[in-house]
Amino acid sequence: MDFEKVFKLLIPEFQKAKIDFALVGGLALHFSGVIRNTYDIDMMVLLAQANEIDEIMKRTGFDLLHKTQNVANYYSENKGLGQIDFLFAHRKYGLEMLKRAESVNIFSFKAKVLKSEDIIGLKVQSCANDPLRYLKDMADIEELMVINKNSLNLKLVQEYFKLFNREEEFFSLLKKIQC
């Protein structure tokens with residue numbers, strides 16, 4: 001995937017349509033200090049803008065693979081475009097995550113990226129929903145907590161663990177990394 005090509009194609013379209021978006025997933029991990037290979041782009045957008053996203057994605061050469069109230073996945077056969085996944089913010093936590101997202105420079109554009117504690121929140125949810133992701137997601141969570149331990153909102157991180165009845169894991173991680 002040619003990330004620069006994708007951003008040059010999509011970000012101006014999102015800006016014209018006033019799409020509120022933030023990077024999540026592997027690229028967000030990168031901006032939080034965790035280096036991991038990623039082969040797609042994951043974004044959080046408002047559910048209320050899902051139809052506008054669909055129009056933009058189809059107009060720019062992407063095909064819809066799957067769509068629910070929570071996610072949409074698009075793919076393009078065009079060289080370098082690859083797969084783009086969208087998480088739709090429509091509940092309290094997702095909406096708050098999108099509001100807290102911080103602006104970064106990416107290539108020649110400004111884009112928002114979720115804060116580290118919110119990436120952790122999505123990882124906690126991800127491995128609660130899919131046990132096969134547990135080891136990978138928990139490794140990412142631990143690395144995020146180590147790298148960002150002096151700036152994390154630990155109360156919010158604890159709240160995310162508590163939502164999924166995993167507060168003991170939160171306290172074990174704190175002890176392990178000495179936050």
# chains A, B, ... in the order shown; residues from 1 in each chain; ligands from 1
call {"tool": "select_by_dssp", "arguments": {"residues": "chain A", "states": "strand (DSSP E or B)", "output": "number ranges by chain"}}
result
A: 21-24, 40-46, 63-67, 71-76, 82-89, 102-106, 109-113
call {"tool": "select_by_dssp", "arguments": {"residues": "chain A", "states": "helix (DSSP H, G or I)", "output": "PyMOL selection string"}}
result
chain A and resi 3-16+25-31+47-59+92-100+116-129+131-147+154-163+167-177
call {"tool": "closest_atom_pairs", "arguments": {"of": "region 28-62 of chain A", "to": "region 79-90 of chain A", "cutoff": "12 Å", "atoms": "only C-alpha atoms", "output": "CSV"}}
result
residue,atom,partner,partner_atom,distance
A:Thr38,CA,A:Gln83,CA,10.8
A:Tyr39,CA,A:Gln83,CA,7.8
A:Asp40,CA,A:Gln83,CA,5.2
A:Ile41,CA,A:Ile84,CA,4.9
A:Asp42,CA,A:Asp85,CA,4.7
A:Met43,CA,A:Phe86,CA,4.9
A:Met44,CA,A:Leu87,CA,4.6
A:Val45,CA,A:Phe88,CA,5.2
A:Leu46,CA,A:Ala89,CA,4.7
A:Leu47,CA,A:Phe88,CA,4.6
A:Ala48,CA,A:His90,CA,7.8
A:Gln49,CA,A:Phe88,CA,8.6
A:Ala50,CA,A:Phe88,CA,7.4
A:Asn51,CA,A:Phe88,CA,11.2
A:Ile53,CA,A:Phe86,CA,9.0
A:Asp54,CA,A:Phe86,CA,10.3
A:Met57,CA,A:Ile84,CA,9.1
A:Lys58,CA,A:Ile84,CA,11.8
A:Thr60,CA,A:Leu81,CA,9.9
A:Gly61,CA,A:Leu81,CA,8.7
A:Phe62,CA,A:Leu81,CA,8.3
call {"tool": "write_last_selection", "arguments": {"atoms": "C-alpha atoms", "output": "tab-separated table (two decimals), in the first residue's frame"}}
result
chain	number	residue	atom	x	y	z
A	38	THR	CA	0.72	-2.29	8.79
A	39	TYR	CA	-0.78	-3.01	5.41
A	40	ASP	CA	-3.98	-1.01	5.57
A	41	ILE	CA	-5.36	2.26	6.90
A	42	ASP	CA	-7.84	2.30	9.74
A	43	MET	CA	-9.88	5.41	10.49
A	44	MET	CA	-12.59	6.40	12.92
A	45	VAL	CA	-15.36	8.60	11.53
A	46	LEU	CA	-18.79	9.68	12.70
A	47	LEU	CA	-21.54	7.20	11.87
A	48	ALA	CA	-23.59	10.20	10.74
A	49	GLN	CA	-21.06	10.66	7.91
A	50	ALA	CA	-21.08	7.01	6.74
A	51	ASN	CA	-23.00	7.77	3.54
A	53	ILE	CA	-17.67	8.28	3.27
A	54	ASP	CA	-19.27	5.67	1.01
A	57	MET	CA	-14.64	5.96	-1.37
A	58	LYS	CA	-16.56	4.75	-4.42
A	60	THR	CA	-12.08	7.54	-5.69
A	61	GLY	CA	-11.94	3.94	-6.91
A	62	PHE	CA	-12.67	1.83	-3.84
call {"tool": "closest_atom_pairs", "arguments": {"of": "region 56-125 of chain A", "to": "region 155-177 of chain A", "cutoff": "7 Å", "atoms": "only C-alpha atoms", "output": "Markdown table"}}
result
| residue | atom | partner | partner_atom | distance |
| --- | --- | --- | --- | --- |
| A:Glu117 | CA | A:Val157 | CA | 5.7 |
| A:Ile120 | CA | A:Val157 | CA | 6.9 |
| A:Gly121 | CA | A:Tyr160 | CA | 5.2 |
| A:Val124 | CA | A:Phe161 | CA | 6.5 |
call {"tool": "write_last_selection", "arguments": {"atoms": "C-alpha atoms", "output": "PDB file, in the first residue's frame"}}
result
ATOM      1  CA  GLU A 117      -5.200   5.797  25.953  1.00  0.00           C
ATOM      2  CA  ILE A 120      -5.561   1.121  24.313  1.00  0.00           C
ATOM      3  CA  GLY A 121      -9.341   1.270  24.729  1.00  0.00           C
ATOM      4  CA  VAL A 124      -9.017  -3.844  25.029  1.00  0.00           C
TER       5      VAL A 124
END
call {"tool": "atom_distance", "arguments": {"atom1": "CA of Leu29 (chain A)", "atom2": "CA of Met138 (chain A)"}}
result
13.1 Å
call {"tool": "atom_distance", "arguments": {"atom1": "CA of Glu13 (chain A)", "atom2": "CA of Ile56 (chain A)"}}
result
6.9 Å
call {"tool": "residues_around", "arguments": {"residues": "Leu65 (chain A)", "least_positions_apart": "5", "cutoff": "9 Å", "atoms": "only C-alpha atoms", "output": "list in words"}}
result
Ala72, Asn73, Tyr74 and Tyr75 of chain A
call {"tool": "residues_around", "arguments": {"residues": "Ser116 (chain A)", "least_positions_apart": "6", "cutoff": "8 Å", "atoms": "only C-alpha atoms", "output": "PDB file with N, CA and C atoms, in the first residue's frame"}}
result
ATOM      1  N   LEU A  29      -0.763   3.576  16.128  1.00  0.00           N
ATOM      2  CA  LEU A  29       0.282   3.012  16.988  1.00  0.00           C
ATOM      3  C   LEU A  29       1.622   3.671  16.685  1.00  0.00           C
ATOM      4  N   SER A  32       2.053   6.892  18.228  1.00  0.00           N
ATOM      5  CA  SER A  32       2.150   6.787  19.686  1.00  0.00           C
ATOM      6  C   SER A  32       3.458   6.139  20.115  1.00  0.00           C
ATOM      7  N   LEU A 144       2.402   0.393  24.523  1.00  0.00           N
ATOM      8  CA  LEU A 144       1.850   1.752  24.601  1.00  0.00           C
ATOM      9  C   LEU A 144       1.962   2.304  26.018  1.00  0.00           C
ATOM     10  N   ASN A 148       4.414   5.473  26.846  1.00  0.00           N
ATOM     11  CA  ASN A 148       3.671   6.696  27.170  1.00  0.00           C
ATOM     12  C   ASN A 148       3.311   6.801  28.650  1.00  0.00           C
ATOM     13  N   LEU A 152       0.075   9.139  30.057  1.00  0.00           N
ATOM     14  CA  LEU A 152      -1.220   8.463  29.927  1.00  0.00           C
ATOM     15  C   LEU A 152      -2.214   8.913  30.989  1.00  0.00           C
TER      16      LEU A 152
END
